[in-house]
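For reference, target_11.txt (compact mmCIF, C-alpha atoms (C1' of nucleotides)):
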# COMPACT_ATOMS: atom_id res chain seq x y z
CA MET A 10 11.05 -59.64 54.97
CA THR A 11 9.45 -62.96 55.79
CA ALA A 12 5.79 -62.34 54.98
CA ASP A 13 5.26 -66.10 54.86
CA LYS A 14 1.79 -67.54 54.61
CA PRO A 15 -0.03 -68.17 57.89
CA LEU A 16 0.65 -71.70 59.15
CA ARG A 17 -2.05 -74.06 60.26
CA ALA A 18 -2.27 -74.68 64.00
CA ASP A 19 -0.90 -78.23 64.06
CA ALA A 20 1.77 -77.38 61.54
CA GLN A 21 2.98 -74.56 63.70
CA ARG A 22 3.01 -76.82 66.72
CA ASN A 23 5.13 -79.41 64.97
CA ARG A 24 7.48 -76.79 63.67
CA ASP A 25 7.99 -75.54 67.20
CA VAL A 26 8.57 -79.00 68.57
CA LEU A 27 11.13 -79.64 65.87
CA ILE A 28 13.04 -76.50 66.59
CA ALA A 29 12.95 -77.09 70.33
CA LYS A 30 14.23 -80.62 69.95
CA ALA A 31 16.87 -79.48 67.50
CA ARG A 32 18.15 -76.93 69.96
CA GLU A 33 18.58 -79.69 72.50
CA VAL A 34 20.49 -81.85 70.10
CA PHE A 35 22.69 -78.98 69.02
CA ASP A 36 23.71 -78.19 72.52
CA ALA A 37 24.58 -81.80 73.05
CA GLY A 38 26.75 -81.47 69.97
CA ASP A 39 25.35 -84.52 68.21
CA PHE A 40 23.50 -82.85 65.42
CA PHE A 41 25.76 -83.66 62.54
CA ASP A 42 26.30 -87.21 63.73
CA LEU A 43 22.60 -87.95 63.82
CA ARG A 44 20.53 -89.49 61.07
CA PHE A 45 18.03 -86.97 59.90
CA ASP A 46 15.21 -89.49 59.92
CA ASP A 47 16.03 -90.52 63.43
CA PHE A 48 15.84 -86.93 64.45
CA ALA A 49 12.25 -86.86 63.19
CA ARG A 50 11.44 -89.85 65.33
CA LEU A 51 13.17 -88.23 68.27
CA ALA A 52 10.99 -85.19 67.89
CA GLY A 53 7.92 -87.41 67.59
CA VAL A 54 6.94 -86.55 64.04
CA GLY A 55 7.02 -88.48 60.79
CA THR A 56 9.91 -88.05 58.41
CA GLY A 57 7.57 -86.49 55.88
CA THR A 58 6.69 -83.76 58.31
CA LEU A 59 10.30 -83.09 59.11
CA TYR A 60 11.22 -82.81 55.46
CA ARG A 61 8.26 -80.59 54.67
CA HIS A 62 9.27 -78.11 57.32
CA PHE A 63 13.01 -78.32 56.85
CA PRO A 64 14.19 -79.72 53.56
CA THR A 65 17.79 -79.92 54.73
CA ARG A 66 19.86 -80.05 57.86
CA GLU A 67 21.06 -76.56 57.12
CA ALA A 68 17.52 -75.23 56.96
CA LEU A 69 16.85 -76.62 60.40
CA ALA A 70 20.10 -75.34 61.79
CA GLU A 71 19.30 -71.95 60.46
CA ALA A 72 15.89 -71.96 62.05
CA VAL A 73 17.34 -72.96 65.38
CA TYR A 74 19.87 -70.21 65.35
CA HIS A 75 17.76 -67.61 63.69
CA GLY A 76 16.93 -66.05 67.00
CA GLU A 77 20.47 -66.21 68.20
CA VAL A 78 21.82 -64.62 65.06
CA ALA A 79 19.13 -61.98 65.20
CA ALA A 80 20.17 -61.22 68.76
CA LEU A 81 23.74 -60.86 67.62
CA CYS A 82 22.65 -58.43 64.95
CA ALA A 83 20.53 -56.48 67.38
CA ARG A 84 23.51 -56.25 69.65
CA ALA A 85 25.52 -54.87 66.76
CA ARG A 86 22.95 -52.15 66.21
CA ARG A 87 22.81 -51.36 69.89
CA LEU A 88 26.58 -51.04 70.11
CA GLN A 89 26.61 -48.91 67.04
CA ALA A 90 24.09 -46.56 68.59
CA THR A 91 25.83 -46.18 71.92
CA LEU A 92 29.56 -46.34 71.27
CA PRO A 93 32.08 -44.64 69.04
CA ALA A 94 32.13 -46.57 65.81
CA ALA A 95 35.58 -48.08 66.20
CA GLU A 96 34.81 -49.24 69.69
CA ALA A 97 31.49 -50.66 68.61
CA LEU A 98 33.20 -52.72 65.96
CA ALA A 99 35.85 -53.98 68.33
CA THR A 100 33.37 -54.84 71.02
CA PHE A 101 31.16 -56.62 68.58
CA LEU A 102 33.91 -58.78 67.14
CA ARG A 103 35.32 -59.64 70.55
CA GLY A 104 31.86 -60.48 71.78
CA MET A 105 31.27 -62.62 68.76
CA VAL A 106 34.26 -64.80 69.59
CA ALA A 107 33.22 -65.06 73.21
CA HIS A 108 29.74 -66.00 72.16
CA ILE A 109 30.90 -68.67 69.78
CA ASP A 110 33.23 -69.97 72.45
CA ALA A 111 30.34 -70.26 74.87
CA HIS A 112 28.18 -72.04 72.32
CA GLU A 113 30.22 -74.62 70.52
CA GLY A 114 27.15 -75.72 68.61
CA LEU A 115 26.70 -72.27 67.18
CA ALA A 116 30.20 -72.34 65.78
CA ARG A 117 29.68 -75.60 63.95
CA THR A 118 26.41 -74.46 62.63
CA LEU A 119 27.43 -71.01 61.53
CA ALA A 120 30.45 -72.48 59.84
CA THR A 121 28.23 -74.90 57.98
CA LEU A 122 25.75 -72.22 57.09
CA MET A 123 28.40 -69.87 55.83
CA ALA A 124 30.51 -72.44 54.11
CA ASP A 125 27.52 -74.00 52.42
CA ARG A 126 28.63 -74.91 48.98
CA SER A 127 25.29 -73.88 47.53
CA GLY A 128 26.46 -70.45 46.42
CA ALA A 129 23.51 -68.61 47.94
CA LEU A 130 24.27 -67.74 51.52
CA ALA A 131 21.69 -68.50 54.16
CA VAL A 132 19.46 -65.75 55.45
CA GLY A 133 21.13 -65.85 58.83
CA SER A 134 24.53 -65.16 57.45
CA ARG A 135 23.26 -62.42 55.20
CA GLU A 136 21.93 -60.63 58.24
CA LEU A 137 25.17 -61.06 60.05
CA GLU A 138 27.10 -59.81 57.09
CA GLN A 139 24.92 -56.74 56.89
CA ALA A 140 25.55 -55.98 60.54
CA VAL A 141 29.29 -56.28 60.13
CA THR A 142 29.26 -54.21 56.99
CA ASP A 143 27.34 -51.46 58.78
CA LEU A 144 29.72 -51.45 61.72
CA VAL A 145 32.72 -51.16 59.47
CA ALA A 146 31.11 -48.50 57.30
CA ALA A 147 30.35 -46.40 60.35
CA ALA A 148 33.91 -46.68 61.58
CA VAL A 149 35.16 -45.67 58.17
CA ARG A 150 32.91 -42.61 58.16
CA ASP A 151 34.36 -41.75 61.54
CA GLY A 152 37.80 -41.85 60.10
CA ALA A 153 38.78 -44.43 62.68
CA VAL A 154 39.22 -47.16 60.12
CA ARG A 155 40.90 -47.21 56.75
CA ASP A 156 38.63 -47.03 53.74
CA ASP A 157 40.70 -49.10 51.37
CA VAL A 158 39.63 -52.53 52.51
CA ASP A 159 36.37 -54.29 51.95
CA ALA A 160 34.20 -55.16 54.94
CA GLY A 161 34.01 -58.59 53.38
CA ALA A 162 37.55 -59.14 54.56
CA VAL A 163 36.33 -58.99 58.14
CA MET A 164 33.61 -61.42 57.23
CA MET A 165 36.22 -63.79 55.88
CA ALA A 166 38.14 -63.60 59.11
CA LEU A 167 35.00 -64.47 61.04
CA HIS A 168 34.47 -67.27 58.60
CA GLY A 169 37.89 -68.63 59.37
CA ILE A 170 37.24 -68.38 63.05
CA GLY A 171 33.96 -70.21 62.78
CA ALA A 172 35.23 -72.87 60.44
CA ALA A 173 38.40 -73.62 62.39
CA HIS A 174 36.65 -74.16 65.68
CA ASN A 175 38.13 -77.63 66.06
CA ARG A 176 41.69 -76.40 66.37
CA PRO A 177 43.30 -77.10 69.72
CA GLY A 178 44.18 -73.52 70.58
CA TRP A 179 41.02 -72.13 69.10
CA ARG A 180 40.08 -69.49 71.61
CA ALA A 181 43.50 -67.89 71.84
CA GLU A 182 43.98 -67.97 68.09
CA ALA A 183 40.58 -66.50 67.44
CA ASP A 184 41.21 -63.67 69.86
CA ASP A 185 44.54 -63.06 68.22
CA LEU A 186 43.07 -62.98 64.76
CA ILE A 187 40.56 -60.38 65.88
CA THR A 188 43.43 -58.38 67.33
CA LEU A 189 45.26 -58.55 64.04
CA VAL A 190 42.23 -57.50 62.06
CA LEU A 191 41.39 -54.63 64.37
CA ASP A 192 44.95 -53.35 64.45
CA GLY A 193 45.19 -53.79 60.73
CA LEU A 194 42.00 -51.81 60.26
CA ARG A 195 43.22 -48.82 62.22
CA ARG A 196 43.72 -46.03 59.79
CA PRO A 197 47.47 -45.95 59.12
CA LEU A 198 48.49 -42.28 59.16
CA MET B 10 58.28 -90.03 57.14
CA THR B 11 56.49 -92.17 54.57
CA ALA B 12 58.53 -95.38 54.58
CA ASP B 13 55.55 -97.17 53.01
CA LYS B 14 55.88 -100.71 51.76
CA PRO B 15 56.88 -101.16 48.10
CA LEU B 16 53.85 -101.28 45.85
CA ARG B 17 53.29 -103.88 43.20
CA ALA B 18 53.61 -102.72 39.60
CA ASP B 19 49.95 -102.82 38.66
CA ALA B 20 48.93 -101.29 41.97
CA GLN B 21 51.28 -98.41 41.40
CA ARG B 22 49.94 -97.92 37.91
CA ASN B 23 46.36 -97.79 39.11
CA ARG B 24 47.26 -95.45 41.88
CA ASP B 25 48.84 -93.10 39.38
CA VAL B 26 45.89 -93.28 37.05
CA LEU B 27 43.55 -92.46 39.93
CA ILE B 28 45.54 -89.45 40.98
CA ALA B 29 45.87 -88.21 37.43
CA LYS B 30 42.16 -88.55 36.81
CA ALA B 31 41.38 -86.92 40.12
CA ARG B 32 43.52 -83.95 39.23
CA GLU B 33 41.47 -83.54 36.06
CA VAL B 34 38.20 -83.68 37.92
CA PHE B 35 39.40 -81.25 40.54
CA ASP B 36 40.35 -78.69 38.00
CA ALA B 37 36.96 -79.04 36.40
CA GLY B 38 35.55 -78.35 39.85
CA ASP B 39 33.22 -81.32 39.86
CA PHE B 40 34.89 -83.42 42.49
CA PHE B 41 32.43 -82.99 45.30
CA ASP B 42 29.43 -83.34 43.01
CA LEU B 43 30.62 -86.69 41.74
CA ARG B 44 29.73 -90.07 43.12
CA PHE B 45 32.82 -91.74 44.41
CA ASP B 46 31.97 -95.00 42.69
CA ASP B 47 31.44 -93.24 39.40
CA PHE B 48 34.83 -91.72 39.78
CA ALA B 49 36.29 -95.20 39.95
CA ARG B 50 34.56 -96.11 36.73
CA LEU B 51 35.76 -92.86 35.17
CA ALA B 52 39.31 -93.77 36.03
CA GLY B 53 38.77 -97.25 34.65
CA VAL B 54 39.19 -99.20 37.86
CA GLY B 55 36.80 -101.14 40.05
CA THR B 56 35.32 -99.55 43.14
CA GLY B 57 37.21 -101.98 45.31
CA THR B 58 40.49 -100.79 43.89
CA LEU B 59 39.56 -97.18 44.41
CA TYR B 60 38.64 -97.80 48.03
CA ARG B 61 41.74 -99.82 48.71
CA HIS B 62 43.95 -97.02 47.53
CA PHE B 63 41.94 -94.14 48.92
CA PRO B 64 39.48 -94.99 51.68
CA THR B 65 37.88 -91.56 51.55
CA ARG B 66 37.44 -88.59 49.30
CA GLU B 67 39.72 -86.66 51.56
CA ALA B 68 42.49 -89.21 51.22
CA LEU B 69 42.33 -88.86 47.46
CA ALA B 70 42.21 -85.10 47.58
CA GLU B 71 45.17 -85.06 49.83
CA ALA B 72 47.14 -87.30 47.51
CA VAL B 73 46.34 -85.05 44.59
CA TYR B 74 47.43 -81.95 46.36
CA HIS B 75 50.31 -83.40 48.22
CA GLY B 76 52.72 -82.28 45.57
CA GLU B 77 51.16 -78.89 45.27
CA VAL B 78 51.25 -78.26 48.99
CA ALA B 79 54.81 -79.50 49.17
CA ALA B 80 55.71 -77.01 46.47
CA LEU B 81 54.06 -74.25 48.44
CA CYS B 82 56.06 -75.23 51.49
CA ALA B 83 59.25 -75.38 49.50
CA ARG B 84 58.51 -71.90 48.25
CA ALA B 85 58.06 -70.75 51.82
CA ARG B 86 61.47 -72.09 52.73
CA ARG B 87 63.04 -70.52 49.69
CA LEU B 88 61.53 -67.14 50.47
CA GLN B 89 62.61 -67.43 54.04
CA ALA B 90 66.17 -68.09 52.95
CA THR B 91 66.40 -65.22 50.48
CA LEU B 92 64.32 -62.37 51.88
CA PRO B 93 64.04 -60.43 55.10
CA ALA B 94 61.64 -62.33 57.29
CA ALA B 95 58.80 -59.83 57.15
CA GLU B 96 58.99 -59.63 53.41
CA ALA B 97 59.15 -63.38 53.10
CA LEU B 98 55.98 -63.71 55.12
CA ALA B 99 54.15 -61.06 53.12
CA THR B 100 55.25 -62.48 49.81
CA PHE B 101 54.27 -65.95 50.83
CA LEU B 102 50.79 -64.97 51.95
CA ARG B 103 50.14 -62.84 48.89
CA GLY B 104 51.40 -65.63 46.70
CA MET B 105 49.17 -68.07 48.48
CA VAL B 106 46.09 -66.04 47.60
CA ALA B 107 47.21 -65.70 44.01
CA HIS B 108 47.82 -69.40 43.84
CA ILE B 109 44.44 -70.27 45.25
CA ASP B 110 42.87 -67.80 42.86
CA ALA B 111 44.59 -69.49 39.95
CA HIS B 112 43.47 -72.92 41.10
CA GLU B 113 39.89 -72.68 42.20
CA GLY B 114 39.82 -76.42 42.71
CA LEU B 115 42.65 -76.24 45.21
CA ALA B 116 40.69 -73.81 47.30
CA ARG B 117 37.65 -76.01 47.60
CA THR B 118 39.71 -79.00 48.40
CA LEU B 119 42.06 -77.47 50.88
CA ALA B 120 39.14 -75.84 52.62
CA THR B 121 37.44 -79.18 52.91
CA LEU B 122 40.58 -80.88 54.09
CA MET B 123 41.25 -78.29 56.70
CA ALA B 124 37.69 -77.96 57.82
CA ASP B 125 37.35 -81.70 58.05
CA ARG B 126 35.32 -82.43 61.11
CA SER B 127 37.57 -85.37 61.96
CA GLY B 128 39.69 -83.45 64.43
CA ALA B 129 42.98 -84.67 63.08
CA LEU B 130 44.20 -82.39 60.33
CA ALA B 131 45.42 -83.90 57.12
CA VAL B 132 49.14 -84.26 56.59
CA GLY B 133 49.10 -81.64 53.88
CA SER B 134 47.71 -78.99 56.12
CA ARG B 135 50.11 -79.84 58.91
CA GLU B 136 52.98 -79.17 56.56
CA LEU B 137 51.46 -75.92 55.49
CA GLU B 138 50.90 -74.91 59.05
CA GLN B 139 54.50 -75.63 59.89
CA ALA B 140 55.67 -73.47 57.02
CA VAL B 141 53.51 -70.56 58.14
CA THR B 142 54.56 -70.95 61.73
CA ASP B 143 58.21 -70.86 60.71
CA LEU B 144 57.76 -67.75 58.61
CA VAL B 145 56.02 -65.95 61.44
CA ALA B 146 58.56 -67.09 64.01
CA ALA B 147 61.41 -65.79 61.88
CA ALA B 148 59.72 -62.43 61.47
CA VAL B 149 59.20 -62.26 65.20
CA ARG B 150 62.87 -63.00 65.85
CA ASP B 151 63.68 -60.20 63.43
CA GLY B 152 61.60 -57.87 65.51
CA ALA B 153 59.52 -57.05 62.45
CA VAL B 154 56.43 -58.68 63.80
CA ARG B 155 54.80 -58.54 67.20
CA ASP B 156 55.35 -61.50 69.46
CA ASP B 157 52.06 -61.43 71.30
CA VAL B 158 49.93 -63.23 68.74
CA ASP B 159 49.89 -66.88 67.84
CA ALA B 160 50.88 -67.93 64.33
CA GLY B 161 47.71 -69.98 64.39
CA ALA B 162 45.80 -66.74 63.94
CA VAL B 163 47.34 -66.37 60.52
CA MET B 164 46.38 -69.94 59.78
CA MET B 165 42.82 -69.13 60.71
CA ALA B 166 42.80 -66.24 58.34
CA LEU B 167 44.03 -68.48 55.55
CA HIS B 168 41.40 -70.93 56.57
CA GLY B 169 38.74 -68.29 56.15
CA ILE B 170 40.11 -67.33 52.79
CA GLY B 171 40.09 -70.89 51.60
CA ALA B 172 36.70 -71.71 52.97
CA ALA B 173 34.96 -68.59 51.72
CA HIS B 174 36.04 -69.01 48.15
CA ASN B 175 32.47 -68.94 46.89
CA ARG B 176 31.93 -65.33 47.85
CA PRO B 177 31.34 -63.02 44.93
CA GLY B 178 34.15 -60.59 45.68
CA TRP B 179 36.48 -63.30 46.81
CA ARG B 180 39.77 -62.17 45.34
CA ALA B 181 39.52 -58.58 46.51
CA GLU B 182 38.35 -59.60 49.97
CA ALA B 183 41.08 -62.15 50.32
CA ASP B 184 43.73 -59.64 49.35
CA ASP B 185 42.26 -57.20 51.82
CA LEU B 186 42.24 -59.71 54.63
CA ILE B 187 45.91 -60.43 54.00
CA THR B 188 46.56 -56.70 54.12
CA LEU B 189 44.78 -56.44 57.44
CA VAL B 190 46.66 -59.35 58.90
CA LEU B 191 50.03 -58.10 57.71
CA ASP B 192 49.40 -54.57 58.94
CA GLY B 193 48.07 -55.93 62.18
CA LEU B 194 51.16 -58.04 62.61
CA ARG B 195 53.54 -55.14 62.21
CA ARG B 196 55.14 -54.54 65.56
CA PRO B 197 53.24 -51.59 67.03
CA LEU B 198 55.85 -49.26 68.53
C1' DA C 4 -22.15 -80.22 59.34
C1' DA C 5 -20.20 -80.79 54.89
C1' DA C 6 -16.79 -79.38 51.78
C1' DA C 7 -12.31 -77.62 50.88
C1' DA C 8 -7.85 -76.89 52.17
C1' DT C 9 -3.90 -78.23 54.69
C1' DA C 10 -0.91 -81.30 57.12
C1' DT C 11 0.50 -85.90 58.71
C1' DG C 12 3.30 -90.26 59.03
C1' DG C 13 5.82 -93.87 57.61
C1' DA C 14 6.43 -97.51 54.05
C1' DG C 15 9.28 -97.97 50.56
C1' DA C 16 11.87 -95.97 46.43
C1' DT C 17 16.27 -94.05 45.50
C1' DC C 18 20.89 -93.33 45.88
C1' DA C 19 25.66 -93.12 47.52
C1' DT C 20 29.03 -95.68 50.23
C1' DC C 21 31.63 -99.47 51.26
C1' DT C 22 32.67 -104.72 51.78
C1' DC C 23 33.70 -109.16 50.32
C1' DC C 24 35.74 -112.67 47.79
C1' DA C 25 36.30 -115.58 43.53
C1' DT C 26 39.36 -114.45 40.04
C1' DT C 27 43.33 -112.41 37.83
C1' DT C 28 47.92 -110.59 37.77
C1' DG C 29 52.56 -110.06 39.23
C1' DT C 30 56.71 -111.80 41.75
C1' DC C 31 60.23 -114.80 43.02
C1' DA C 32 62.77 -119.08 43.97
C1' DA C 33 64.10 -123.23 42.14
C1' DT D 28 60.52 -121.70 32.16
C1' DT D 29 57.46 -122.79 35.55
C1' DG D 30 55.02 -123.57 39.73
C1' DA D 31 53.51 -121.66 43.87
C1' DC D 32 52.67 -117.87 46.70
C1' DA D 33 51.45 -113.16 47.50
C1' DA D 34 49.27 -109.09 46.04
C1' DA D 35 45.78 -106.78 43.68
C1' DT D 36 41.55 -106.54 41.09
C1' DG D 37 36.59 -105.55 40.01
C1' DG D 38 32.04 -105.40 40.55
C1' DA D 39 27.88 -107.58 42.57
C1' DG D 40 25.44 -106.79 46.39
C1' DA D 41 25.02 -105.47 51.52
C1' DT D 42 24.36 -101.42 54.11
C1' DG D 43 22.44 -97.46 55.50
C1' DA D 44 21.01 -92.64 54.88
C1' DT D 45 17.97 -89.49 52.35
C1' DC D 46 13.86 -88.21 50.45
C1' DT D 47 9.10 -88.96 48.07
C1' DC D 48 4.50 -90.18 47.81
C1' DC D 49 -0.10 -90.55 49.03
C1' DA D 50 -3.99 -92.57 51.73
C1' DT D 51 -5.47 -90.82 55.94
C1' DA D 52 -6.28 -87.37 59.45
C1' DT D 53 -6.89 -82.71 61.05
C1' DT D 54 -8.10 -77.95 60.70
C1' DT D 55 -10.51 -74.20 58.56
C1' DT D 56 -14.09 -72.20 55.92
C1' DT D 57 -18.73 -71.75 54.34
Full structure transcribed into structure tokens:
Amino acid sequence: MTADKPLRADAQRNRDVLIAKAREVFDAGDFFDLRFDDFARLAGVGTGTLYRHFPTREALAEAVYHGEVAALCARARRLQATLPAAEALATFLRGMVAHIDAHEGLARTLATLMADRSGALAVGSRELEQAVTDLVAAAVRDGAVRDDVDAGAVMMALHGIGAAHNRPGWRAEADDLITLVLDGLRRPL
Amino acid sequence: MTADKPLRADAQRNRDVLIAKAREVFDAGDFFDLRFDDFARLAGVGTGTLYRHFPTREALAEAVYHGEVAALCARARRLQATLPAAEALATFLRGMVAHIDAHEGLARTLATLMADRSGALAVGSRELEQAVTDLVAAAVRDGAVRDDVDAGAVMMALHGIGAAHNRPGWRAEADDLITLVLDGLRRPL
DNA sequence: AAAAATATGGAGATCATCTCCATTTGTCAA
DNA sequence: TTGACAAATGGAGATGATCTCCATATTTTT
């Protein structure tokens, strides 16, 4: 997928430093309150270098969470391989909420990535969407889930969960929304 | 609620012009791509005047949609008074999607208002939330809807719908998500 | 070791946001 | 009416963030 050109040694080093520093800042929760230029300084590189590697905040955020999102997707595949489809889907969605809850920064970032007004979704969210779509499709094939709703609807629900992370009762509401979606998905006979 | 001080004649006029012009720009969909200062010029007022009336983009957006949201809330109350609770809720949510679909600009704006990172939700969305909460509560009292999920979950779903409006299959996905939520809400017996 | 290719940093250009206040406009009491 | 006071205006410029450009430095290739 990403058959990108080989990066020169120092360039790679800087890229790594940037991502490492960014991860720090994310976890502290200050990312979106920080001047992008200042972030460069913080990471010990020039602004030019920062911009060359990551043209936008979103690009950087995506890079930081690329691994995390990939892990989420891998987990989806693992669940799909080891559990009945319906259960895999449920477990995945529940786990997703728990994971976001544990990593506030991820929520902000995913919300930003997904909500990005630049039509084209980020790579990270595409992957995630694919994973969800697969889980739902499998459950449909199993007959455990109705076939008259688009998997995108589930994606939208996740979107809402991610985007609304600043609501007071977030965790409970998010869990409840997942419950609603899962119960709603159960094939009505 | 809004016992604001009486506004001087010219101030009121300018305020009205600003809101009218803003409505235009919203419907064209260009609001967030437009420099705020340029908007002032477009409306024929100085930047100072614009900022005095509406300190932020969000404030302006809220003013524009205040009426619209109020109408939505009024509709919720009307439905609640004339239909069985469950039906009122369903009709309201379906209508909400249709309404957003018909006013693309509203979607963007509401999404931005609701997603606003400044913790405190805008007045408009508070009202909306109250309306939804009431509809759900009534349906719960009726026994038509389960009582073990927070109304906020429905709000989150709406949030997702609003925020994800740039997805290709938006309308179908939104309708499907509403279906899931409604079916999920049905009291499981 | 020299040439070619690649990457760097940070000064400054660019651009949107917002403030400030000298001036204009509206209001109200006499 | 009119004078005086309050309220509102507009737009020039301060502010501050984003991004570009390129002379210099580093790495890779030959």
Original post:
What does the distance between C1' of DG15 (chain C) and C1' of DC46 (chain D) come to in Å, to one decimal place?
Top reply: 10.8 Å
Proximity of chain A to chain D: per-residue shortest pair, 10 Å limit, all atoms listed in the file, as CSV:
residue,atom,partner,partner_atom,distance
A:Arg17,CA,D:DT54,C1',7.2
A:Ala18,CA,D:DT54,C1',7.5
A:Asp19,CA,D:DT54,C1',8.0
A:Ala20,CA,D:DT54,C1',9.9
A:Arg44,CA,D:DA44,C1',7.0
A:Phe45,CA,D:DT45,C1',8.0
A:Asp46,CA,D:DT45,C1',8.1
A:Thr56,CA,D:DC46,C1',8.9
A:Gly57,CA,D:DT47,C1',8.3
A:Tyr60,CA,D:DC46,C1',7.8
A:Pro64,CA,D:DC46,C1',9.0
A:Thr65,CA,D:DT45,C1',9.9
**OP:** Output as a PyMOL selection string the set of chain A residues within 8 Å of chain B, with distances taken over only C-alpha atoms.
**Re:** chain A and resi 123-124+126+128+158-163+165-170+172-173+175-176+178+181-183+185-186+188-194
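Reported to one decimal place, the separation of CA of Arg24 (chain A) from CA of Thr58 (chain A) is 8.8 Å.
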Each residue of chain C lying at most 9 Å from chain B should get a row with its shortest atom-to-atom pair and the distance in Å to one decimal, counting only C-alpha atoms (C1' of nucleotides); could you produce that, ordered by chain and increasing number, as JSON lines?
{"residue": "C:DA19", "atom": "C1'", "partner": "B:Arg44", "partner_atom": "CA", "distance": 6.7}
{"residue": "C:DT20", "atom": "C1'", "partner": "B:Phe45", "partner_atom": "CA", "distance": 8.0}
{"residue": "C:DC21", "atom": "C1'", "partner": "B:Tyr60", "partner_atom": "CA", "distance": 7.9}
{"residue": "C:DT22", "atom": "C1'", "partner": "B:Gly57", "partner_atom": "CA", "distance": 8.4}
{"residue": "C:DT28", "atom": "C1'", "partner": "B:Asp19", "partner_atom": "CA", "distance": 8.1}
{"residue": "C:DG29", "atom": "C1'", "partner": "B:Arg17", "partner_atom": "CA", "distance": 7.4}
{"residue": "C:DT30", "atom": "C1'", "partner": "B:Arg17", "partner_atom": "CA", "distance": 8.7}
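The neighbours of region 85-100 of chain B here are the residues that come within 6 Å of it, using all atoms listed in the file and leaving out any residue fewer than 4 positions away in the same chain; they are Gly104, Leu144, Ala147 and Ala148 of chain B.
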Output C-alpha atoms for every residue in that selection, as a PDB file, in the coordinates of the input.
ATOM      1  CA  GLY B 104      51.400 -65.630  46.700  1.00  0.00           C
ATOM      2  CA  LEU B 144      57.760 -67.750  58.610  1.00  0.00           C
ATOM      3  CA  ALA B 147      61.410 -65.790  61.880  1.00  0.00           C
ATOM      4  CA  ALA B 148      59.720 -62.430  61.470  1.00  0.00           C
TER       5      ALA B 148
END
**OP:** One decimal, Å: what's the distance from C1' of DA10 (chain C) over to CA of Arg50 (chain A), could you say?
**Re:**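 It comes out at 17.1 Å.
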Subject >> Test item: residues at most 7 Å from Gly114 (chain B), only C-alpha atoms (C1' of nucleotides), excluding those fewer than 2 positions along its chain, as a PyMOL selection string >> reply: chain B and resi 35-36+38+112+116-118
Keeping only C-alpha atoms, write the selected residues to a file as an mmCIF file, in the frame of the given file.
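This went into selection_39.cif:
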data_model
loop_
_atom_site.group_PDB
_atom_site.id
_atom_site.type_symbol
_atom_site.label_atom_id
_atom_site.label_comp_id
_atom_site.auth_asym_id
_atom_site.auth_seq_id
_atom_site.Cartn_x
_atom_site.Cartn_y
_atom_site.Cartn_z
ATOM 1 C CA PHE B 35 39.400 -81.250 40.540
ATOM 2 C CA ASP B 36 40.350 -78.690 38.000
ATOM 3 C CA GLY B 38 35.550 -78.350 39.850
ATOM 4 C CA HIS B 112 43.470 -72.920 41.100
ATOM 5 C CA ALA B 116 40.690 -73.810 47.300
ATOM 6 C CA ARG B 117 37.650 -76.010 47.600
ATOM 7 C CA THR B 118 39.710 -79.000 48.400
#
